[in-house]
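Below you'll find the structure, written out as structure tokens, and then a few comments.
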Amino acid sequence: MYKFRGKRKDNGEWIYGYYVERHYTNSQSHHEYESYILTGEFTISLNSEQYEVIPKTVGQFTGLKDKNGKEIHVGDIVENYAIEDEVIFYKGIFTTKNNAADRFGMKQSLYVHKELEVIGTIHD
């Protein structure tokens, strides 16, 4: 299972867990969806709590932590040797916007950076 975070719709606090979307058709036959983060144990019995989140704030955990032990998610702003950049998922890897736009067409995974520090998110 992949781990995500998102801002709760009811109070704006960050919540961490598993991401699910509920798709439905409203009374005007428009397709809509709601986004949720499930916390706790995610088992067959779904023994967890769910919180509706703001869809644009949802970011997947990269599997990496910064130099201070803080988890790095898509949408974080990281600093690497005094350069600030946004963490993104691009062409199959976790990278930063500047790396994805490299003029030589090369992209660098976050895994090669050792001094990253999360300094915020694009949503705060």
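Simple scheme: letters A, B, ... for chains in structure tokens order, numbers from 1 for residues in each chain, numbers from 1 for ligands in the order shown.
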
Selection near Lys3 in chain A, 10 Å with only C-alpha atoms, sequence-local residues under 2 positions removed, as a list in words: Met1, Arg5, Tyr16, Gly17, Tyr18, Tyr19, Ile37, Leu38, Thr39, Gly59, Gln60, Phe61, Thr62, Gly63 and His73 of chain A

Strand (DSSP E or B) positions in range 65-96 of chain A, given as a ChimeraX atom specification: /A:65,71-73,76-80,83-90,93-96

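Rounded to one decimal, CA of Ala82 in chain A and CA of Glu115 in chain A lie 10.1 Å from each other.
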
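Note that DSSP on the backbone gives helix (DSSP H, G or I) to these residues of chain A: Pro55, Lys56, Thr57, Lys97, Asn98, Asn99, Ala100, Leu110, Tyr111 and Val112 of chain A.
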
Keeping N, CA and C atoms for every residue in the selection just given, could you write it to a file as a compact mmCIF listing (two decimals), in the first residue's frame?
# COMPACT_ATOMS: atom_id res chain seq x y z
N PRO A 55 -8.86 17.54 -2.57
CA PRO A 55 -8.13 16.73 -3.56
C PRO A 55 -6.79 17.32 -4.01
N LYS A 56 -6.72 18.62 -4.24
CA LYS A 56 -5.47 19.20 -4.76
C LYS A 56 -4.33 19.17 -3.73
N THR A 57 -4.63 18.88 -2.46
CA THR A 57 -3.58 18.84 -1.44
C THR A 57 -3.01 17.44 -1.24
N LYS A 97 10.89 19.92 -9.65
CA LYS A 97 10.54 20.62 -10.89
C LYS A 97 11.78 21.01 -11.68
N ASN A 98 12.80 21.54 -11.02
CA ASN A 98 14.01 21.95 -11.74
C ASN A 98 14.70 20.76 -12.39
N ASN A 99 14.75 19.63 -11.72
CA ASN A 99 15.38 18.44 -12.30
C ASN A 99 14.59 17.91 -13.48
N ALA A 100 13.27 17.99 -13.41
CA ALA A 100 12.43 17.48 -14.50
C ALA A 100 12.58 18.34 -15.74
N LEU A 110 15.06 11.85 -6.64
CA LEU A 110 15.34 12.39 -5.30
C LEU A 110 16.32 11.51 -4.54
N TYR A 111 16.41 10.24 -4.93
CA TYR A 111 17.25 9.29 -4.20
C TYR A 111 18.73 9.66 -4.21
N VAL A 112 19.16 10.48 -5.16
CA VAL A 112 20.58 10.83 -5.24
C VAL A 112 20.94 12.01 -4.34

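Between CA of Phe89 in chain A and CA of Glu32 in chain A lies a distance of 24.4 Å.
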
Residue contacts of Ile119 in chain A (8 Å, only C-alpha atoms) excluding same-chain residues fewer than 5 positions away, as a PyMOL selection string: chain A and resi 76-79

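Restricting the calculation to only C-alpha atoms, the smallest distance between Ser35 in chain A and any of A:Asp66, A:Glu21, A:Glu71, A:Glu84 is found for A:Glu21.
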
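Across the model, the gap from CA of Val53 in chain A to CA of Glu86 in chain A is 20.9 Å.
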